[in-house]
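Chemist: The structure that follows is given in the form of structure tokens.
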Amino acid sequence: MKKRRIFEFTAIVTAFLFAGCSNSVEIGPVPTITPKPTVTPLPVVTQTPEQTQDSVKTDVSVTKLYKEQYENTGVLPELYTIYKDYFDIGIEVTQEDINNGKRQAVVKQQFNSISCKTDLSPANIMDYEATRAAGDLSRVSLDFSGADIILKFAKDNGIPVRGPRLITNETPSWFFTKSFSESQVTETTDEEGVTTETVEYASAEVMLSRMENYIKDVIGYCNTNYPGVVITWDVLDSPINTGDRHEKKYRTSSNWYQTIGEDYLTKALEYAGKYAATEQKLFLSQEGLNETAVLNATTDLLKVLQASGRIDGIAAQAHYNIISPNVFAIEDMFKALSATGLEVHLSEFYVSTLTNDNQDSERTYEEALEKSAKRYKNLFSLFTRSEDNEKIDIVNITFEGLTDDGSSLNEPKEYTDSETGELVVGVELPSYPYLFDEELNPKDAYFGAIGDASIKGF
């Protein structure tokens with residue numbers, strides 16, 4: 001079903017966009033790929049002198065010849081406007097995205113919500129040296145200088161922010177030690193190369209104090225310095241892990257579980273509800289929800305959390321690729337999540353061109369881009385069609401990143417060269433998961449995502 005927008009200050013955002021932004025953006029030249037496959041030219045839309053830009057956009061929105069318009073004029077539609085009757089479209093950004101004028105312009109004109117990709121994560125804001133110097137074993141010192149760049153941008157431009165993952169498995173291990181000390185974290189590697197970490201844990205009582213103070217300090221800083229900007233908090237991050245042998249499938253290897261036990265789940269939400277503003281929504285964020293075991297365990301946990309207090313939404317982390325998961329599993333996932341009565345978001349969304357099979361190395365660049373475009377088109381068709389049929393209700397879809405070069409999938413790693421047998425550091429097989437290339441040119445994935453007529457879905 002086409003749903004009403006729920007973000008509290010949409011009117012502010014809309015007013016800003018109409019006042020300060022045009023309805024189109026010039027991104028750059030059309031990317032050229034060599035060799036270029038032969039395609040049948042699309043019909044040319046001729047603009048007469050009497051036609052206005054708005055009338056051309058109306059025609060294109062009906063014919064869905066967005067790519068042709070871009071090739072002829074360099075003008076792109078706004079992604080978020082195309083889906084305004086269905087869901088908000090967000091993007092995870094870094095301070096580098098905001099400091100770069102061209103990247104910032106794309107963010108402002110293609111998306112109507114943002115998230116901090118890494119700049120509000122515990123690993124980036126927890127200051128080890130300052131914490132050690134402070135000597136308070138119940139509170140960690142925080143540095144928001146990187147996040148400030150993003151939060152100020154959002155405040156100045158009236159763009160809502162999906163808050164960071166607060167209680168996450170990516171929290172530095174020293175945070176859980178008795179004395180906030182890296183020396184109390186040791187690693188050992190066995191003969192098979194498996195590394196095991198050992199932590200001298202603080203008591204559960206101390207860790208509950210640290211948890212509450214951390215949640216209080218992060219939420220308090222954002223709400224004091226950027227009131228009304230953060231609209232949601234991903235309070236809990238992937239507490240379910242089917243790899244752990246636990247009847248409830250809880251991630252027992254997590255330092256949070258190891259120090260506090262499963263009570264950390266309800267306590268985190270309790271503290272977040274205590275310090276969050278009334279209008280801010282509290283979420284559980286979970287990966288792997290397309291897997292039946294993870295989905296069932298998560299919906300069971302959601303029932304516990306709903307019974308214990310305040311939780312407003314579930315964010316499904318969507319790390320997909322060009323063949324998996326299948327659309328039936330995705331639709332079943334959204335049906336189950338929508339049935340909880342909670343607000344449903346899709347977060348960290350991307351479609352990797354790598355599938356972890358032997359075809360990855362054989363697939364050409366052109367083939368990878370073509371399959372990515374088809375996959376994006378099929379997924380967005382699924383999302384909108386299911387909403388029209390009232391099967392699911394998605395409120396926000398947030399992409400993990402802007403350009404392919406910024407993806408963690410393309411970070412240099414150590415691997416064995418297939419020809420020399422030597423260990424080298426680099427990108428063995430690049431992935432192209434996002435909508436724009438490193439030059440900010442829209443890829444066919446972008447046009448697939450907006451349902452362009454030239455992109456074949458099957």
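Going by the structure tokens order, chains are called A, B, ..., each with residues numbered from 1, while ligands are numbered from 1 in the order shown.
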Which polymer residues have any atom within 12 Å of an atom of Ala293 in chain A, counting only C-alpha atoms, with same-chain residues fewer than 6 positions away left out, as a ChimeraX atom specification?

Modeler: /A:240-244,247-250,287,299-300,329,333

Chemist: Give me the residues within 8 Å of Tyr446 in chain A as JSON, numbers by chain, counting only C-alpha atoms and dropping any in the same chain fewer than 6 places off.

Modeler: {"A": [373, 376, 435, 436]}

Chemist: Fewer than 5 positions away in the same chain doesn't count, so skip those; otherwise give me all residues within 8 Å of Ser238 in chain A, counting only C-alpha atoms, as a PyMOL selection string.

Modeler: chain A and resi 168-169+251+284-287

Chemist: Quick one: contact table of range 172-261 of chain A to range 147-156 of chain A, 12 Å max, nearest atom pair and distance in Å to one decimal per residue, counting only C-alpha atoms, chain and number order, as CSV?

Modeler:
residue,atom,partner,partner_atom,distance
A:Val218,CA,A:Ala147,CA,11.0
A:Tyr221,CA,A:Asp148,CA,10.2
A:Cys222,CA,A:Leu151,CA,8.1
A:Asn223,CA,A:Leu151,CA,10.6
A:Thr224,CA,A:Leu151,CA,11.8
A:Asn225,CA,A:Lys152,CA,8.9
A:Tyr226,CA,A:Lys155,CA,6.4
A:Pro227,CA,A:Lys155,CA,8.3
A:Gly228,CA,A:Lys155,CA,8.3
A:Val229,CA,A:Lys155,CA,6.0
A:Val230,CA,A:Leu151,CA,8.6
A:Ile231,CA,A:Ala154,CA,11.6

Chemist: For Thr384 in chain A, find every residue with an atom within 9 Å (counting only C-alpha atoms), except residues of its own chain fewer than 2 positions away, and show them as a count of residues only.

Modeler: 12

Chemist: Among the residues of range 75-201 of chain A, find those DSSP assigns to alpha helix (DSSP H) from the backbone and print them as a compact mmCIF listing (two decimals) with N, CA and C atoms, in the first residue's frame.

Modeler:
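Below is the file selection-v3.txt, written as the result:
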# COMPACT_ATOMS: atom_id res chain seq x y z
N LEU A 79 16.11 10.16 -6.60
CA LEU A 79 15.75 8.80 -6.20
C LEU A 79 14.64 8.82 -5.16
N TYR A 80 14.79 9.70 -4.16
CA TYR A 80 13.81 9.70 -3.07
C TYR A 80 12.45 10.18 -3.53
N THR A 81 12.41 11.07 -4.55
CA THR A 81 11.13 11.56 -5.05
C THR A 81 10.35 10.47 -5.77
N ILE A 82 11.06 9.63 -6.50
CA ILE A 82 10.40 8.56 -7.23
C ILE A 82 9.64 7.63 -6.28
N GLN A 95 32.41 11.55 6.84
CA GLN A 95 32.74 12.98 6.83
C GLN A 95 33.37 13.37 5.50
N GLU A 96 34.05 12.43 4.83
CA GLU A 96 34.63 12.73 3.52
C GLU A 96 33.53 13.02 2.49
N ASP A 97 32.40 12.33 2.59
CA ASP A 97 31.28 12.61 1.69
C ASP A 97 30.77 14.03 1.87
N ILE A 98 30.75 14.50 3.10
CA ILE A 98 30.21 15.83 3.38
C ILE A 98 31.23 16.91 3.04
N ASN A 99 32.50 16.63 3.23
CA ASN A 99 33.54 17.63 2.95
C ASN A 99 33.79 17.82 1.46
N GLY A 101 32.42 18.69 -2.04
CA GLY A 101 31.25 19.42 -2.54
C GLY A 101 30.40 18.63 -3.51
N LYS A 102 31.02 17.91 -4.44
CA LYS A 102 30.27 17.17 -5.44
C LYS A 102 29.54 16.00 -4.81
N ARG A 103 30.21 15.31 -3.90
CA ARG A 103 29.57 14.18 -3.22
C ARG A 103 28.41 14.68 -2.34
N GLN A 104 28.64 15.78 -1.65
CA GLN A 104 27.59 16.34 -0.81
C GLN A 104 26.36 16.70 -1.64
N ALA A 105 26.58 17.26 -2.84
CA ALA A 105 25.45 17.65 -3.69
C ALA A 105 24.62 16.43 -4.09
N VAL A 106 25.28 15.32 -4.37
CA VAL A 106 24.54 14.10 -4.72
C VAL A 106 23.73 13.60 -3.52
N VAL A 107 24.34 13.63 -2.35
CA VAL A 107 23.64 13.21 -1.13
C VAL A 107 22.38 14.05 -0.93
N LYS A 108 22.49 15.35 -1.06
CA LYS A 108 21.37 16.26 -0.80
C LYS A 108 20.24 16.07 -1.80
N GLN A 109 20.58 15.78 -3.04
CA GLN A 109 19.54 15.78 -4.07
C GLN A 109 19.03 14.39 -4.43
N GLN A 110 19.66 13.33 -3.91
CA GLN A 110 19.18 11.98 -4.21
C GLN A 110 18.53 11.29 -3.02
N PRO A 122 31.13 3.08 18.05
CA PRO A 122 31.94 3.07 19.28
C PRO A 122 33.44 3.09 18.99
N ALA A 123 33.87 2.37 17.97
CA ALA A 123 35.31 2.30 17.66
C ALA A 123 35.87 3.66 17.28
N ASN A 124 35.03 4.56 16.76
CA ASN A 124 35.50 5.87 16.34
C ASN A 124 35.33 6.96 17.38
N ILE A 125 34.35 6.83 18.27
CA ILE A 125 34.14 7.91 19.23
C ILE A 125 34.67 7.59 20.63
N TYR A 128 40.41 6.11 23.81
CA TYR A 128 41.13 5.26 24.77
C TYR A 128 42.02 6.06 25.70
N GLU A 129 42.86 6.92 25.15
CA GLU A 129 43.80 7.69 25.96
C GLU A 129 43.08 8.61 26.94
N ALA A 130 42.02 9.29 26.46
CA ALA A 130 41.27 10.19 27.34
C ALA A 130 40.55 9.41 28.44
N THR A 131 40.07 8.23 28.11
CA THR A 131 39.40 7.38 29.10
C THR A 131 40.37 6.95 30.18
N ARG A 132 41.55 6.53 29.76
CA ARG A 132 42.58 6.12 30.72
C ARG A 132 42.97 7.27 31.64
N ALA A 133 43.09 8.47 31.04
CA ALA A 133 43.50 9.64 31.82
C ALA A 133 42.41 10.06 32.80
N ALA A 134 41.15 9.89 32.43
CA ALA A 134 40.04 10.32 33.29
C ALA A 134 39.96 9.48 34.56
N SER A 145 34.25 14.65 17.23
CA SER A 145 34.71 15.61 16.22
C SER A 145 34.41 15.16 14.79
N GLY A 146 34.55 13.86 14.51
CA GLY A 146 34.23 13.36 13.18
C GLY A 146 32.74 13.38 12.91
N ALA A 147 31.96 12.94 13.87
CA ALA A 147 30.50 12.90 13.71
C ALA A 147 29.91 14.30 13.60
N ASP A 148 30.54 15.29 14.24
CA ASP A 148 30.03 16.65 14.20
C ASP A 148 29.87 17.16 12.77
N ILE A 149 30.79 16.78 11.90
CA ILE A 149 30.74 17.25 10.52
C ILE A 149 29.44 16.80 9.85
N ILE A 150 29.06 15.55 10.11
CA ILE A 150 27.85 15.00 9.51
C ILE A 150 26.60 15.55 10.19
N LEU A 151 26.61 15.60 11.50
CA LEU A 151 25.44 16.06 12.24
C LEU A 151 25.14 17.53 11.97
N LYS A 152 26.19 18.34 11.85
CA LYS A 152 25.99 19.77 11.54
C LYS A 152 25.42 19.93 10.13
N PHE A 153 25.93 19.15 9.19
CA PHE A 153 25.40 19.18 7.82
C PHE A 153 23.91 18.84 7.83
N ALA A 154 23.54 17.80 8.56
CA ALA A 154 22.14 17.39 8.64
C ALA A 154 21.28 18.48 9.26
N LYS A 155 21.78 19.07 10.33
CA LYS A 155 21.03 20.13 11.01
C LYS A 155 20.85 21.35 10.10
N ASP A 156 21.92 21.75 9.44
CA ASP A 156 21.87 22.94 8.59
C ASP A 156 20.97 22.76 7.38
N ASN A 157 20.80 21.50 6.94
CA ASN A 157 20.03 21.24 5.72
C ASN A 157 18.68 20.59 5.99

Chemist: Enumerate as a PyMOL selection string all residues of range 156-333 of chain A assigned to strand (DSSP E) by DSSP on the backbone, naming them with the chain letters and numbers the document uses.

Modeler: chain A and resi 161-167+185-189+195-199+230-237+281-287+313-321

Chemist: Residues within 8 Å of Asp404 in chain A, please, as a list in words. Count only C-alpha atoms; anything in the same chain fewer than 5 positions from it doesn't count.

Modeler: Asn410, Ser431, Tyr432, Pro433, Tyr434, Leu435, Phe436, Asp437 and Glu438 of chain A

Chemist: For those residues, write C-alpha atoms to a file as a short mmCIF file (atom, residue, chain, number, x, y, z; two decimals), in the first residue's frame.

Modeler:
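out14.cif was written with the following content:
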data_model
loop_
_atom_site.label_atom_id
_atom_site.label_comp_id
_atom_site.auth_asym_id
_atom_site.auth_seq_id
_atom_site.Cartn_x
_atom_site.Cartn_y
_atom_site.Cartn_z
CA ASN A 410 36.88 -3.40 -1.92
CA SER A 431 32.76 -5.72 -6.24
CA TYR A 432 30.46 -3.02 -7.59
CA PRO A 433 27.69 -2.86 -4.96
CA TYR A 434 26.51 0.75 -5.04
CA LEU A 435 24.58 3.01 -7.42
CA PHE A 436 27.45 5.34 -8.40
CA ASP A 437 31.00 4.68 -9.56
CA GLU A 438 34.07 6.38 -8.06
#

Chemist: Could you jot down the CA of Ile455 in chain A to CA of Ile91 in chain A separation for me, Å, one decimal place?

Modeler: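 Interatomic distance here is 22.9 Å.
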
Chemist: For CA of Trp174 in chain A and CA of Glu212 in chain A, quote the distance in Å rounded to one decimal.

Modeler: 17.1 Å

Chemist: I'd like the interatomic distance between CA of Tyr415 in chain A and CA of Glu428 in chain A, to a tenth of an Å.

Modeler: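 Those two atoms sit 7.1 Å apart.
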
Chemist: Can you list, as a list in words, every protein, DNA or RNA residue that comes within 12 Å of Gly341 in chain A when you count only C-alpha atoms, leaving out same-chain residues fewer than 6 positions away?

Modeler: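 In the requested format, the answer is Thr299, Leu302, Lys303, Gln306, Ile311, Asp312, Gly313, Ile314, Phe334, Lys335, Ile392, Asp393 and Ile394 of chain A.
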
Chemist: So that I have them on file, write out the residues from the current selection with N, CA, C and O atoms, as a PDB file, in the first residue's frame.

Modeler:
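Output file again-v4.pdb is given in full below:
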ATOM      1  N   THR A 299      12.240 -12.698  15.587  1.00  0.00           N
ATOM      2  CA  THR A 299      10.842 -12.379  15.918  1.00  0.00           C
ATOM      3  C   THR A 299      10.500 -12.837  17.334  1.00  0.00           C
ATOM      4  O   THR A 299       9.719 -12.177  18.031  1.00  0.00           O
ATOM      5  N   LEU A 302      11.951 -10.174  19.537  1.00  0.00           N
ATOM      6  CA  LEU A 302      11.143  -8.955  19.471  1.00  0.00           C
ATOM      7  C   LEU A 302       9.926  -9.044  20.390  1.00  0.00           C
ATOM      8  O   LEU A 302       9.520  -8.055  21.010  1.00  0.00           O
ATOM      9  N   LYS A 303       9.338 -10.214  20.498  1.00  0.00           N
ATOM     10  CA  LYS A 303       8.205 -10.395  21.406  1.00  0.00           C
ATOM     11  C   LYS A 303       8.634 -10.152  22.854  1.00  0.00           C
ATOM     12  O   LYS A 303       7.908  -9.530  23.634  1.00  0.00           O
ATOM     13  N   GLN A 306       9.227  -6.372  23.226  1.00  0.00           N
ATOM     14  CA  GLN A 306       7.962  -5.643  23.243  1.00  0.00           C
ATOM     15  C   GLN A 306       7.251  -5.810  24.583  1.00  0.00           C
ATOM     16  O   GLN A 306       6.607  -4.870  25.073  1.00  0.00           O
ATOM     17  N   ILE A 311      10.066  -0.625  22.385  1.00  0.00           N
ATOM     18  CA  ILE A 311      10.818  -0.820  21.152  1.00  0.00           C
ATOM     19  C   ILE A 311       9.880  -0.438  20.012  1.00  0.00           C
ATOM     20  O   ILE A 311       8.702  -0.797  20.019  1.00  0.00           O
ATOM     21  N   ASP A 312      10.388   0.317  19.059  1.00  0.00           N
ATOM     22  CA  ASP A 312       9.532   0.883  18.026  1.00  0.00           C
ATOM     23  C   ASP A 312       9.743   0.293  16.637  1.00  0.00           C
ATOM     24  O   ASP A 312       8.866   0.420  15.778  1.00  0.00           O
ATOM     25  N   GLY A 313      10.907  -0.318  16.398  1.00  0.00           N
ATOM     26  CA  GLY A 313      11.142  -0.769  15.033  1.00  0.00           C
ATOM     27  C   GLY A 313      12.213  -1.830  14.910  1.00  0.00           C
ATOM     28  O   GLY A 313      12.960  -2.112  15.851  1.00  0.00           O
ATOM     29  N   ILE A 314      12.272  -2.423  13.719  1.00  0.00           N
ATOM     30  CA  ILE A 314      13.269  -3.423  13.378  1.00  0.00           C
ATOM     31  C   ILE A 314      13.919  -3.000  12.059  1.00  0.00           C
ATOM     32  O   ILE A 314      13.231  -2.707  11.087  1.00  0.00           O
ATOM     33  N   PHE A 334       9.981  -9.776   5.090  1.00  0.00           N
ATOM     34  CA  PHE A 334       9.246  -8.537   5.335  1.00  0.00           C
ATOM     35  C   PHE A 334       7.832  -8.796   5.843  1.00  0.00           C
ATOM     36  O   PHE A 334       7.309  -8.035   6.664  1.00  0.00           O
ATOM     37  N   LYS A 335       7.212  -9.859   5.395  1.00  0.00           N
ATOM     38  CA  LYS A 335       5.886 -10.201   5.911  1.00  0.00           C
ATOM     39  C   LYS A 335       5.959 -10.482   7.406  1.00  0.00           C
ATOM     40  O   LYS A 335       5.134 -10.007   8.190  1.00  0.00           O
ATOM     41  N   ILE A 392       3.495  -5.977   2.740  1.00  0.00           N
ATOM     42  CA  ILE A 392       4.564  -5.465   3.601  1.00  0.00           C
ATOM     43  C   ILE A 392       4.424  -3.958   3.713  1.00  0.00           C
ATOM     44  O   ILE A 392       3.702  -3.322   2.948  1.00  0.00           O
ATOM     45  N   ASP A 393       5.124  -3.395   4.670  1.00  0.00           N
ATOM     46  CA  ASP A 393       5.140  -1.940   4.831  1.00  0.00           C
ATOM     47  C   ASP A 393       6.540  -1.520   5.272  1.00  0.00           C
ATOM     48  O   ASP A 393       6.907  -1.673   6.427  1.00  0.00           O
ATOM     49  N   ILE A 394       7.330  -1.041   4.318  1.00  0.00           N
ATOM     50  CA  ILE A 394       8.685  -0.566   4.596  1.00  0.00           C
ATOM     51  C   ILE A 394       8.638   0.954   4.719  1.00  0.00           C
ATOM     52  O   ILE A 394       8.051   1.632   3.881  1.00  0.00           O
TER      53      ILE A 394
END
